[in-house]
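Colleague: Provided below: data33.pdb, containing PDB, C-alpha atoms and all ligand atoms.
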```pdb
MODEL        1
ATOM      1  CA  MET A   1       9.511 -25.484  16.269
ATOM      2  CA  PRO A   2       7.500 -27.167  18.981
ATOM      3  CA  ILE A   3       8.107 -30.681  20.163
ATOM      4  CA  TYR A   4       5.028 -32.744  20.782
ATOM      5  CA  GLU A   5       5.041 -35.765  22.979
ATOM      6  CA  TYR A   6       2.750 -38.623  22.194
ATOM      7  CA  GLN A   7       1.804 -41.842  23.822
ATOM      8  CA  CYS A   8       0.493 -44.838  22.031
ATOM      9  CA  LYS A   9      -2.568 -46.387  23.579
ATOM     10  CA  ASP A  10      -1.853 -49.720  22.052
ATOM     11  CA  CYS A  11       1.653 -50.404  23.200
ATOM     12  CA  ASN A  12       2.052 -47.567  25.721
ATOM     13  CA  SER A  13       5.239 -46.378  24.195
ATOM     14  CA  ARG A  14       6.068 -42.725  24.362
ATOM     15  CA  PHE A  15       7.806 -40.750  21.725
ATOM     16  CA  ASP A  16       8.135 -37.156  20.791
ATOM     17  CA  LEU A  17       8.015 -35.509  17.466
ATOM     18  CA  LEU A  18       9.271 -32.238  16.237
ATOM     19  CA  ARG A  19       6.748 -30.976  13.819
ATOM     20  CA  PRO A  20       5.479 -27.662  12.618
ATOM     21  CA  MET A  21       2.640 -25.966  14.401
ATOM     22  CA  ARG A  22       0.094 -26.441  11.690
ATOM     23  CA  ALA A  23       0.770 -30.146  11.502
ATOM     24  CA  SER A  24       0.193 -30.715  15.194
ATOM     25  CA  ASP A  25      -3.263 -32.125  14.668
ATOM     26  CA  GLU A  26      -2.424 -34.364  11.818
ATOM     27  CA  ASP A  27      -2.366 -38.062  12.201
ATOM     28  CA  VAL A  28       0.509 -39.389  14.194
ATOM     29  CA  LYS A  29       1.509 -42.967  14.034
ATOM     30  CA  CYS A  30       3.241 -44.869  16.740
ATOM     31  CA  LYS A  31       6.871 -45.458  16.128
ATOM     32  CA  ASP A  32       6.758 -48.892  17.616
ATOM     33  CA  CYS A  33       3.583 -50.537  16.438
ATOM     34  CA  GLY A  34       2.569 -48.102  13.736
ATOM     35  CA  GLY A  35      -0.888 -47.701  15.187
ATOM     36  CA  SER A  36      -2.730 -44.426  15.004
ATOM     37  CA  ASN A  37      -4.229 -44.707  18.460
ATOM     38  CA  VAL A  38      -2.003 -42.023  19.818
ATOM     39  CA  THR A  39      -2.581 -39.308  22.380
ATOM     40  CA  LYS A  40      -0.816 -36.018  22.493
ATOM     41  CA  LEU A  41       0.659 -35.545  25.922
ATOM     42  CA  LEU A  42       2.332 -32.210  26.057
ATOM     43  CA  SER A  43       4.165 -29.782  23.944
ATOM     44  CA  MET A  44       7.195 -27.728  24.572
ATOM     45  CA  PHE A  45       9.231 -25.454  22.548
ATOM     46  CA  ALA A  46      12.631 -26.465  21.469
ATOM     47  CA  SER A  47      14.800 -23.674  22.692
ATOM     48  CA  SER A  48      17.384 -23.180  20.075
ATOM     49  CA  GLY A  49      18.644 -19.890  21.318
ATOM     50  CA  GLY A  50      21.387 -17.867  19.876
ATOM     51  CA  SER A  51      20.063 -15.125  17.700
ATOM     52  CA  SER A  52      23.472 -13.681  17.292
ATOM     53  CA  TYR A  53      23.370 -11.946  14.041
ATOM     54  CA  GLY A  54      26.419  -9.787  14.025
ATOM     55  CA  GLY A  55      25.537  -7.919  10.930
ATOM     56  CA  GLY A  56      27.161  -4.796   9.769
ATOM     57  CA  TYR A  57      30.221  -6.218   8.201
ATOM     58  CA  THR A  58      30.616  -4.028   5.213
ATOM     59  CA  GLY A  59      33.829  -5.497   4.043
ATOM     60  CA  GLY A  60      36.328  -2.770   3.723
ATOM     61  CA  GLY A  61      39.012  -3.595   1.268
ATOM     62  CA  GLY A  62      42.294  -4.188   2.970
ATOM     63  CA  CYS A  63      44.284  -3.793  -0.188
ATOM     64  CA  SER A  64      45.858  -0.414   0.028
ATOM     65  CA  PRO A  65      48.265  -0.112  -2.846
ATOM     66  CA  SER A  66      51.234   1.622  -1.424
ATOM     67  CA  SER A  67      53.053   2.854  -4.435
ATOM     68  CA  GLY A  68      56.523   3.152  -3.102
ATOM     69  CA  PHE A  69      58.075   3.735  -6.470
ATOM     70  CA  SER A  70      59.269   7.155  -7.226
TER
HETATM   71 ZN    ZN B   1       2.241 -48.316  19.619
ENDMDL
END
```
What does this structure look like when you write it as structure tokens?
Ligand SMILES: [Zn+2]
Modeller:
Amino acid sequence: MPIYEYQCKDCNSRFDLLRPMRASDEDVKCKDCGGSNVTKLLSMFASSGGSSYGGGYTGGGGCSPSSGFS
């Protein structure tokens, strides 16, 4: 999910928001003054790596009934 960085033109405070791609053009309000006079500065992707899906665990039953009774 991309992180967008915004700057408020009213109070010049910068903040960044993590929002979905399709919502990137929706209205953003300043976190400090609440004004909507906000410019989008840049966007970067939050790199949350680690696609380590170690699938393939077909759980083999470890219960082997050893019938030691004769
Ligand atoms: Zn502001």
Colleague: List as a PyMOL selection string the protein and nucleic acid residues lying within 6 Å of ligand ZN 1 (chain B), with only C-alpha atoms and all ligand atoms counted.
Modeller: chain A and resi 8+10-11+13+30+32-35
Colleague: Have a look at CA of Tyr4 (chain A) and CA of Arg19 (chain A) and let me know their distance in Å, one decimal.
Modeller: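 These two atoms are separated by 7.4 Å.
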Colleague: Run the PyMOL selection byres (((chain A and resi 38) around 7) and not hetatm) against the file shown and list the residues it catches, as a ChimeraX atom specification.
Modeller: /A:6-9,28-30,36-37,39-40
Colleague: What does the distance from CA of Asn12 (chain A) to CA of Asp27 (chain A) come to in Å, to one decimal?
Modeller: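 CA of Asp27 (chain A) lies at a distance of 17.1 Å from CA of Asn12 (chain A).
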Colleague: Tell me which of A:Glu26, A:Pro65, A:Pro20, A:Ile3 sits closest to Leu41 (chain A), counting all atoms listed in the file.
Modeller: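 The shortest atom-to-atom distance to Leu41 (chain A) comes from A:Ile3.
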